[in-house]
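Visitor: I have a structure here, written as structure tokens, and I will follow up with some questions on it.
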Amino acid sequence: MTDWTDIGALTDIPERGARVVKTHLGCVAVFRTADDEVFAIDDACPHKGGPLSEGIVHGRSVTCPLHNMVLRLDSGVAQGADEGAVNTYPVRVEGGRIMLDTARLRRGQVA
Amino acid sequence: MTRNLIVIGAGMASGRMLEHLFETQPGAWNVTLFNAEPRGNYNRLMLSPVLSGDKTYAEIVTHDADWYKAHDVTCRFGEKVLRIDRDAQVVVGENGVVPYDRLVIATGSNPFMIPLPGHDLDGVIPYRDLDDTQTMMALGVRPGARAIVIGGGLLGLEAAAGMKAQGVDVTVIHVMGHLMERQLDEAAGYLLKNALEAKGITVLTGANSTEILGRDGRVCGLLLDDGSEIACDLLVMAVGIRPNVTLAKASGLAVGRGIHVDNAMVTSDAHVLALGECVEHQGAVFGLVAPLYDQAKVAADTLAGKPATFAPKEVATKLKVTGCNLFSAGDFAEGDGREDIVFRDPARGVYKRLVLEGPRLIGAVMYGDTADGAWFHGLIKDHSDVSDMRDTLIFGPTFQGGAPSDPLAAVAALPGDAEICGCNGICKSTIVDAINGGATTLSDVRAQTKASASCGTCTGLVEQVMALTLGDGFEVQTVKPMCPCTPLTHMDVRRLIKSRALKSMAAVMQECGWTTSCGCASCRPALNYYLLCDWPGEYQDDDQSRFVNERMHSNIQKDGTYSVVPRMWGGITTPDELRAIADAADKYAVQTVKVTGGQRIDLLGVKKQDLPDIWADLNAAGMVSGQAYAKGLRTVKTCVGTDHCRFGTQDSTGLGIRMEKALWGSWTPAKVKMAVSGCPRNCAESTCKDVGVICVDSGYVLHIGGAAGLHIQGTEVMCTVKTEDEVLEYTAAVVQLYREEAAYLERMYKWMDNVGLDHIVERVVTDADSRRALADRFHHAQTFMQQDPWAERTKASYRALYAPLADLTLEAAE
Ligand SMILES: Cc1cc2nc3c(=O)[nH]c(=O)nc-3n(C[C@H](O)[C@H](O)[C@H](O)COP(=O)(O)OP(=O)(O)OC[C@H]3O[C@@H](n4cnc5c(N)ncnc54)[C@H](O)[C@@H]3O)c2cc1C
Ligand code: SF4
Ligand code: FES
């Protein structure tokens with residue numbers, strides 16, 4: 001089941017930046033890359049919970065602001081020598097609006 | 001039996017469809033062709049060559065009167081269709097009603113006009129048809145005519161280049177950070193901008209229009225949101241197109257962004273087909289002609305009763321502006337399992353980027369040399385397996401075997417007059433001459449040319465010039481590259497930024513041959529600093545290239561909250577300030593209030609969304625950001641000096657305040673801490689600061705290069721001066737020298753270790769001209785830097801960035 005929710009405009013997120021969406025399961029970081037692609041992942045680094053939404057975005061990766069772990073935005077997987085991964089959520093852009101699949105993020109949907 | 005076919009719109013898509021139709025079913029249809037434009041089908045793509053004067057209208061006509069006559073087409077050109085009555089199966093034109101058996105809608109698209117104030121003035125036009133083209137050409141006849149083009153995409157740039165060719169003075173206004181952002185990445189956009197500027201076109205990127213200005217009902221200029229005004233006689237808006245669905249929608253056909261069609265190009269009414277830019281097929285709309293030609297074939301087959309299916313293909317873009325060779329096709333975003341191959345040749349202005357996914361090529365962007373574009377496009381469309389030629393793929397179809405990319409290429413590409421050693425003004429050719437004259441070691445070169453004999457930061461570059469000139473006879477010392485994106489060191493890059501006047505991140509990455517398309521988390525913040533330092537007022541600070549603390553203007557804590565530290569000039573505060581701080585601490589439920597080692601107060605545990613409010617409150621009480629997060633001036637610690645202390649020799653507090661007021665706001669390679677002590681008892685701990693002042697009876701002893709962190713190091717004495725004014729001048733000069741010469745994240749003591757105290761004394765103390773020039777450069781930069789970040793970020797436009805984008809916890813539980 002999917003549940004596409006309009007969470008804002010693409011231009012609400014700075015290029016190569018991120019904003020967060022608050023949910024009952026914690027914050028989700030929604031990223032916009034230099035090529036205007038959008039990705040949604042948990043806003044908590046697998047290392048020590050650093051807020052990934054505050055990291056530097058390069059290509060399709062983000063570098064965690066606390067200790068520089070690099071995670072892929074599309075797969076949520078840590079790069080290089082580091083291990084770890086975060087959840088990713090389906091997200092797409094339609095007519096300039098960002099649609100997030102919130103099916104897994106609603107209250108009571110905890111599997 | 002011939003049946004009645006009505007076609008609305010005599011454009012490129014319907015024209016191609018009719019050609020197929022007359023070929024496969026000659027005489028089967030009795031065709032009536034409506035066109036709002038007072039002419040038949042011409043090659044719209046070629047309007048740009050008409051505009052630039054390279055072609056005439058007659059040369060771009062696709063179907064002339066004879067052709068329509070030969071195929072018995074009833075032409076109703078210059079007549080707009082007003083209505084479609086699907087129940088009666090008739091079309092209502094301006095000059096009467098015509099019945100149909102089948103109807104084809106091919107109304108193309110409408111240029112989008114931004115509804116800015118003044119968009120309806122005379123002289124504000126789109127770029128879509130021959131009339132627009134002729135309006136622009138007419139402008140070229142007037143000497144000194146000026147035009148503005150809003151929109152730096154394909155159409156806007158072709159309009160700009162065409163008008164420029166007609167002698168018009170053209171400015172392009174583009175809202176995004178680089179040109180043609182939909183087709184090009186930043187690197188290619190940078191090269192394109194250079195090429196257009198070389199043609200004499202002014203290009204403003206990141207520019208927001210607020211109002212079109214008019215006089216007597218006619219456009220006379222444009223106002224930008226930074227308050228600047230640009231005068232013009234004509235304003236062309238080329239910001240995008242919208243499918244023209246008016247007729248279809250009014251007649252009740254299914255319409256989304258465009259007219260919905262199935263794979264056979266049939267609309268929600270079996271008797272009505274649609275094709276071209278007015279349609280939407282599986283969620284996609286169209287803006288280039290290649291897929292429209294495929295649609296035309298399918299529509300003709302459908303009319304002939306033959307099964308046919310439209311399948312969209314990857315399209316490629318080329319810009320039709322002489323001298324700007326660019327090519328873009330497929331998907332060139334980076335991705336998981338995707339690999340980038342980047343090739344740059346700074347000397348020829350070439351940039352190529354291929355994107356591979358597994359064994360296949362899925363995207364290509366090229367600038368400068370697009371000869372292989374068609375070949376790459378073919379590989380993308382055919383989903384060919386390219387694993388066998390992966391290593392040499394980027395060199396194109398003719399290349400066999402190949403050398404790995406050369407780390408010396410960037411230096412090899414430098415012209416002879418490129419300055420290598422900034423201290424002594426030595427250019428590349430002087431070094432090459434010395435080497436050719438017999439110098440074989442670095443010390444020979446130093447002795448003969450003085451290159452790298454002063455601060456030494458250009459040593460890496462000098463060695464590379466030697467390696468290039470001497471070939472295998474010279475071993476370059478292995479130096480640590482700046483990051484995995486480049487073989488150059490921090491110092492090499494800094495030198496090139498200055499000597500080649502590189503003023504944007506894209507410029508640095510291109511001219512220095514970066515191997516990635518947009519850098520990484522190591523080089524982006526460094527480049528942002530270097531550019532900001534070297535081109536004050538010209539380079540636009542890029543927030544997204546800053547580490548979180550500097551971007552948020554607060555220190556992030558381990559639990560994701562932030563700390564807020566107002567500036568207390570020289571460590572002096574007032575009861576009013578303390579009251580305001582206490583009130584803010586209460587109001588925002590601050591977890592901890594801490595007195596810092598830098599003589600100020602830290603409010604810890606502030607939530608991100610509260611930051612703009614707490615800043616606004618502190619601002620209102622007269623306080624500004626203490627920049628406790630910045631690679632910049634942190635604090636100037638002082639003792640009470642002659643004001644209160646019996647040992648005081650000078651007004652140490654007053655001097656500290658003056659220093660802090662002069663130096664705050666400046667960005668430096670790493671943090672800078674200062675202190676002023678009123679006598680050698682040194683109560684303000686001046687001797688472990690980056691810059692420390694110790695007052696004595698006869699004046700002020702200036703210390704530099706101390707540190708008390710992970711590494712503890714006492715300062716060195718730089719000099720002694722007599723007056724407070726001198727303290728300020730010398731301090732500004734030494735900080736500026738540090739700003740200009742150190743590598744990013746290198747503390748002042750580290751830099752001093754590298755360049756030597758002698759070099760610093762020479763530039764700041766002995767050579768008075770050099771000192772004054774440094775101080776002047778520092779103060780010039782400060783005119784752009786001394787803006788309280790809090791005051792800026794409490795404005796509405798910034799506030800949103802501190803709040804969540806959406807809050808799903810607020811929705812009622814299901
Ligand atoms: C300057 C310029 C340069 C371009 N360069 C390129 C390029 O290099 N490569 C590329 O692939 N594409 C390019 N394009 C885009 C390309 O021209 C279009 O994709 C193509 O022309 C669209 O064809 P169409 O038949 O859908 O619409 P059009 O060619 O626009 O034809 C639609 C016609 O329908 C008529 N019409 C609309 N409403 C009515 C009505 N109610 N009654 C009667 N008639 C009506 C219009 O007058 C118009 O003549 C360019 C476009 C422009 C303007
Ligand atoms: S440094 Fe000297 S002047 Fe300043 S407080 Fe200490 S003793 Fe007094
Ligand atoms: S919390 Fe992200 S790297 Fe440590």
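Just remember, in the structure tokens the first chain shown is A, the second B, etc., residues are 1-based per chain, and ligands are 1-based in the order shown.
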Just want the residues within 6 Å of ligand 3, written as a PyMOL selection string, counting only C-alpha atoms and all ligand atoms.
Guide: chain A and resi 45+47-50+64+66-69
Visitor: With a cut-off of 8 Å, could you pull out the residues of chain B touching ligand 2 and give me the nearest pair of atoms for each, distance in Å to one decimal, using only C-alpha atoms and all ligand atoms, ordered by chain and ascending number, as a tab-separated table?
Guide:
residue	atom	partner	partner_atom_place_in_ligand_line	distance
B:Thr638	CA	ligand 2	4 (Fe)	7.6
B:Cys639	CA	ligand 2	4 (Fe)	4.6
B:Val640	CA	ligand 2	5 (S)	5.2
B:Gly641	CA	ligand 2	3 (S)	4.0
B:Thr642	CA	ligand 2	3 (S)	6.4
B:His644	CA	ligand 2	8 (Fe)	7.8
B:Cys645	CA	ligand 2	8 (Fe)	4.6
B:Arg646	CA	ligand 2	8 (Fe)	6.4
B:Phe647	CA	ligand 2	8 (Fe)	4.8
B:Gly648	CA	ligand 2	3 (S)	3.4
B:Thr649	CA	ligand 2	3 (S)	6.3
B:Gln650	CA	ligand 2	3 (S)	7.5
B:Ser652	CA	ligand 2	4 (Fe)	7.0
B:Ser677	CA	ligand 2	1 (S)	4.3
B:Gly678	CA	ligand 2	3 (S)	3.5
B:Cys679	CA	ligand 2	2 (Fe)	3.6
B:Pro680	CA	ligand 2	2 (Fe)	5.9
B:Arg681	CA	ligand 2	1 (S)	4.7
B:Asn682	CA	ligand 2	1 (S)	4.1
B:Cys683	CA	ligand 2	6 (Fe)	4.1
B:Ala684	CA	ligand 2	1 (S)	6.3
B:Ile694	CA	ligand 2	1 (S)	7.8
B:Cys695	CA	ligand 2	3 (S)	7.9
Visitor: Residues of chain B were defined as contacting chain A if any atom lay at most 6 Å from it, counting only C-alpha atoms; please report them as a PyMOL selection string.
Guide: chain B and resi 334-335+520-521+548+804-809
Visitor: Run DSSP on the backbone and grab whatever in segment 9-102 of chain A lands in strand (DSSP E); send it over as a PyMOL selection string.
Guide: chain A and resi 9+17-22+28-32+38-42+56-58+61-63+70-72+88-89+91-94+97-101
Visitor: Export, as a tab-separated table (two decimals), in the first residue's frame, the selected residues with N, CA and C atoms.
Guide:
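What landed in part_18.tsv:
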chain	number	residue	atom	x	y	z
A	9	ALA	N	6.85	22.19	-1.55
A	9	ALA	CA	7.33	22.44	-2.90
A	9	ALA	C	8.81	22.09	-2.99
A	17	GLY	N	20.59	20.67	-0.46
A	17	GLY	CA	20.25	20.84	0.94
A	17	GLY	C	19.17	19.85	1.33
A	18	ALA	N	18.64	20.02	2.55
A	18	ALA	CA	17.61	19.12	3.04
A	18	ALA	C	16.69	19.84	4.00
A	19	ARG	N	15.48	19.30	4.17
A	19	ARG	CA	14.56	19.75	5.23
A	19	ARG	C	14.03	18.49	5.89
A	20	VAL	N	13.49	18.63	7.09
A	20	VAL	CA	12.99	17.43	7.75
A	20	VAL	C	11.46	17.40	7.76
A	21	VAL	N	10.93	16.18	7.82
A	21	VAL	CA	9.52	15.96	8.02
A	21	VAL	C	9.40	15.23	9.35
A	22	LYS	N	8.59	15.78	10.25
A	22	LYS	CA	8.42	15.13	11.56
A	22	LYS	C	7.39	14.01	11.42
A	28	VAL	N	12.26	12.43	9.26
A	28	VAL	CA	12.73	11.96	7.97
A	28	VAL	C	13.36	13.16	7.27
A	29	ALA	N	14.57	12.94	6.71
A	29	ALA	CA	15.24	14.04	6.01
A	29	ALA	C	14.94	13.93	4.53
A	30	VAL	N	14.45	15.04	3.95
A	30	VAL	CA	14.15	15.04	2.52
A	30	VAL	C	15.20	15.90	1.84
A	31	PHE	N	15.94	15.29	0.92
A	31	PHE	CA	17.08	15.95	0.28
A	31	PHE	C	16.75	16.39	-1.14
A	32	ARG	N	17.39	17.48	-1.55
A	32	ARG	CA	17.33	17.90	-2.95
A	32	ARG	C	18.77	18.01	-3.46
A	38	VAL	N	15.11	14.22	-5.67
A	38	VAL	CA	14.69	14.29	-4.29
A	38	VAL	C	14.76	12.90	-3.66
A	39	PHE	N	15.27	12.81	-2.42
A	39	PHE	CA	15.36	11.54	-1.71
A	39	PHE	C	14.92	11.74	-0.27
A	40	ALA	N	14.34	10.68	0.31
A	40	ALA	CA	13.94	10.75	1.70
A	40	ALA	C	14.57	9.60	2.47
A	41	ILE	N	15.27	9.93	3.55
A	41	ILE	CA	15.87	8.90	4.41
A	41	ILE	C	15.69	9.31	5.86
A	42	ASP	N	15.92	8.35	6.78
A	42	ASP	CA	15.85	8.69	8.20
A	42	ASP	C	16.86	9.80	8.51
A	56	ILE	N	26.61	17.90	4.37
A	56	ILE	CA	26.90	18.48	3.05
A	56	ILE	C	26.52	17.46	1.99
A	57	VAL	N	25.76	17.92	1.00
A	57	VAL	CA	25.28	17.04	-0.06
A	57	VAL	C	26.20	17.16	-1.25
A	58	HIS	N	26.66	16.02	-1.76
A	58	HIS	CA	27.50	16.05	-2.97
A	58	HIS	C	27.08	14.87	-3.82
A	61	SER	N	25.08	11.75	-2.54
A	61	SER	CA	25.51	11.33	-1.20
A	61	SER	C	25.41	12.50	-0.23
A	62	VAL	N	25.40	12.13	1.06
A	62	VAL	CA	25.47	13.17	2.08
A	62	VAL	C	26.56	12.77	3.08
A	63	THR	N	27.29	13.76	3.57
A	63	THR	CA	28.30	13.49	4.59
A	63	THR	C	27.73	13.92	5.93
A	70	VAL	N	29.83	8.91	5.17
A	70	VAL	CA	29.17	9.27	3.91
A	70	VAL	C	28.10	8.23	3.59
A	71	LEU	N	26.86	8.68	3.38
A	71	LEU	CA	25.76	7.76	3.08
A	71	LEU	C	25.18	8.09	1.71
A	72	ARG	N	24.78	7.05	1.01
A	72	ARG	CA	24.09	7.27	-0.28
A	72	ARG	C	22.66	7.66	0.02
A	88	THR	N	15.13	4.16	3.72
A	88	THR	CA	14.80	5.12	2.67
A	88	THR	C	13.29	5.06	2.46
A	89	TYR	N	12.72	6.17	2.00
A	89	TYR	CA	11.28	6.22	1.76
A	89	TYR	C	11.02	6.69	0.34
A	91	VAL	N	9.82	8.74	-2.63
A	91	VAL	CA	9.45	10.15	-2.73
A	91	VAL	C	9.57	10.52	-4.20
A	92	ARG	N	8.71	11.42	-4.67
A	92	ARG	CA	8.82	11.85	-6.06
A	92	ARG	C	8.34	13.28	-6.19
A	93	VAL	N	8.67	13.89	-7.32
A	93	VAL	CA	8.26	15.27	-7.54
A	93	VAL	C	7.23	15.29	-8.66
A	94	GLU	N	6.12	15.97	-8.39
A	94	GLU	CA	5.06	16.06	-9.39
A	94	GLU	C	4.66	17.52	-9.53
A	97	ARG	N	5.75	19.79	-6.81
A	97	ARG	CA	5.41	19.43	-5.42
A	97	ARG	C	6.12	18.13	-5.06
A	98	ILE	N	6.51	18.02	-3.80
A	98	ILE	CA	7.18	16.80	-3.34
A	98	ILE	C	6.14	15.88	-2.73
A	99	MET	N	6.09	14.65	-3.25
A	99	MET	CA	5.14	13.66	-2.74
A	99	MET	C	5.94	12.58	-2.00
A	100	LEU	N	5.61	12.39	-0.73
A	100	LEU	CA	6.31	11.38	0.08
A	100	LEU	C	5.33	10.24	0.35
A	101	ASP	N	5.82	9.01	0.20
A	101	ASP	CA	4.97	7.86	0.52
A	101	ASP	C	5.01	7.68	2.03
Visitor: Counting only C-alpha atoms and all ligand atoms, what residues are within 7 Å of ligand 1, given as a ChimeraX atom specification?
Guide: /B:8-14,34-37,44-48,79-82,106-109,127-129,155,244,247,275-278,286-290,292,317-320
Visitor: For Val350 of chain B, which residue among B:Pro126, B:Gly714, B:Gly513, B:Gly363 is the nearest when counting only C-alpha atoms?
Guide: B:Gly513
Visitor: Using only C-alpha atoms, determine which residues lie at most 12 Å from Arg353 of chain B, disregarding the query and same-chain residues fewer than 6 positions distant; provide the list as a PyMOL selection string.
Guide: chain B and resi 184-188+326-334+339-345+361-370+373+376+393-396+510+514-518
Visitor: According to DSSP computed on the backbone, where in segment 88-252 of chain B is there helix (DSSP H, G or I)? Give the residues as an MDAnalysis selection string.
Guide: chainID B and resid 130:140 154:165 186:198 246:250
Visitor: As an MDAnalysis selection string, please: the residues near Leu121 of chain B (cut-off 6 Å, only C-alpha atoms, same-chain neighbours under 5 positions excluded).
Guide: chainID B and resid 217:219
Visitor: Mind dumping the selected residues with all heavy atoms as a PDB file, in the first residue's frame?
Guide:
ATOM      1  N   GLY B 217       3.172  52.863 -21.280  1.00  0.00           N
ATOM      2  CA  GLY B 217       2.617  51.595 -21.749  1.00  0.00           C
ATOM      3  C   GLY B 217       3.615  50.685 -22.440  1.00  0.00           C
ATOM      4  O   GLY B 217       3.256  49.621 -22.922  1.00  0.00           O
ATOM      5  N   ARG B 218       4.895  51.111 -22.507  1.00  0.00           N
ATOM      6  CA  ARG B 218       5.908  50.283 -23.174  1.00  0.00           C
ATOM      7  C   ARG B 218       7.026  49.916 -22.211  1.00  0.00           C
ATOM      8  O   ARG B 218       7.373  50.702 -21.332  1.00  0.00           O
ATOM      9  CB  ARG B 218       6.499  51.058 -24.358  1.00  0.00           C
ATOM     10  CG  ARG B 218       6.840  50.158 -25.525  1.00  0.00           C
ATOM     11  CD  ARG B 218       7.667  50.725 -26.599  1.00  0.00           C
ATOM     12  NE  ARG B 218       8.703  49.747 -26.927  1.00  0.00           N
ATOM     13  CZ  ARG B 218       8.460  48.626 -27.578  1.00  0.00           C
ATOM     14  NH1 ARG B 218       7.249  48.353 -28.008  1.00  0.00           N
ATOM     15  NH2 ARG B 218       9.420  47.755 -27.806  1.00  0.00           N
ATOM     16  N   VAL B 219       7.554  48.716 -22.370  1.00  0.00           N
ATOM     17  CA  VAL B 219       8.610  48.269 -21.464  1.00  0.00           C
ATOM     18  C   VAL B 219       9.827  49.184 -21.565  1.00  0.00           C
ATOM     19  O   VAL B 219      10.182  49.648 -22.647  1.00  0.00           O
ATOM     20  CB  VAL B 219       9.000  46.804 -21.782  1.00  0.00           C
ATOM     21  CG1 VAL B 219       9.584  46.690 -23.184  1.00  0.00           C
ATOM     22  CG2 VAL B 219       9.995  46.272 -20.771  1.00  0.00           C
TER      23      VAL B 219
END
Visitor: Of the candidates B:Leu356, B:Leu810, B:Ala299, B:Ile114, which one gets nearest to Glu211 of chain B if we count only C-alpha atoms?
Guide: B:Ile114
Visitor: Excluding Met491 of chain B and its own-chain neighbours fewer than 3 positions away, which residues fall within 7 Å of it when counting only C-alpha atoms? Please give them as a list in words.
Guide: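 Result of the neighbour search: Thr457, Cys458, Arg494, Arg495 and Ala743 of chain B.
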Visitor: Restricted to N, CA, C and O atoms, what would the selected residues look like written as a short mmCIF file (atom, residue, chain, number, x, y, z; two decimals), in the first residue's frame?
Guide:
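Result file is out_2.cif:
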data_model
loop_
_atom_site.label_atom_id
_atom_site.label_comp_id
_atom_site.auth_asym_id
_atom_site.auth_seq_id
_atom_site.Cartn_x
_atom_site.Cartn_y
_atom_site.Cartn_z
N THR B 457 54.36 28.64 -0.58
CA THR B 457 53.12 27.91 -0.81
C THR B 457 52.96 27.46 -2.26
O THR B 457 52.14 26.62 -2.57
N CYS B 458 53.75 28.02 -3.17
CA CYS B 458 53.61 27.62 -4.56
C CYS B 458 54.59 26.52 -4.93
O CYS B 458 54.71 26.15 -6.09
N ARG B 494 44.81 27.18 -4.47
CA ARG B 494 44.72 28.60 -4.08
C ARG B 494 45.45 29.47 -5.09
O ARG B 494 44.97 30.53 -5.49
N ARG B 495 46.63 29.02 -5.48
CA ARG B 495 47.44 29.78 -6.43
C ARG B 495 46.68 29.93 -7.77
O ARG B 495 46.61 30.99 -8.36
N ALA B 743 46.12 27.05 4.22
CA ALA B 743 45.18 26.07 3.68
C ALA B 743 43.95 26.07 4.58
O ALA B 743 44.05 26.38 5.78
#
Visitor: What's the separation between atom CA of Val727 of chain B and atom CA of Gly656 of chain B, in Å to one decimal place?
Guide: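 It comes out at 10.3 Å.
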Visitor: Which one is closest to Glu741 of chain B: B:Tyr530, B:Tyr802, B:Phe784, B:Trp664? Count only C-alpha atoms.
Guide: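 For Glu741 of chain B, the nearest of the candidates is B:Tyr530.
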Visitor: Work out how far atom CA of Phe778 of chain B is from atom CA of Val564 of chain B, in Å to one decimal.
Guide: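 Atom CA of Val564 of chain B sits 27.3 Å away from atom CA of Phe778 of chain B.
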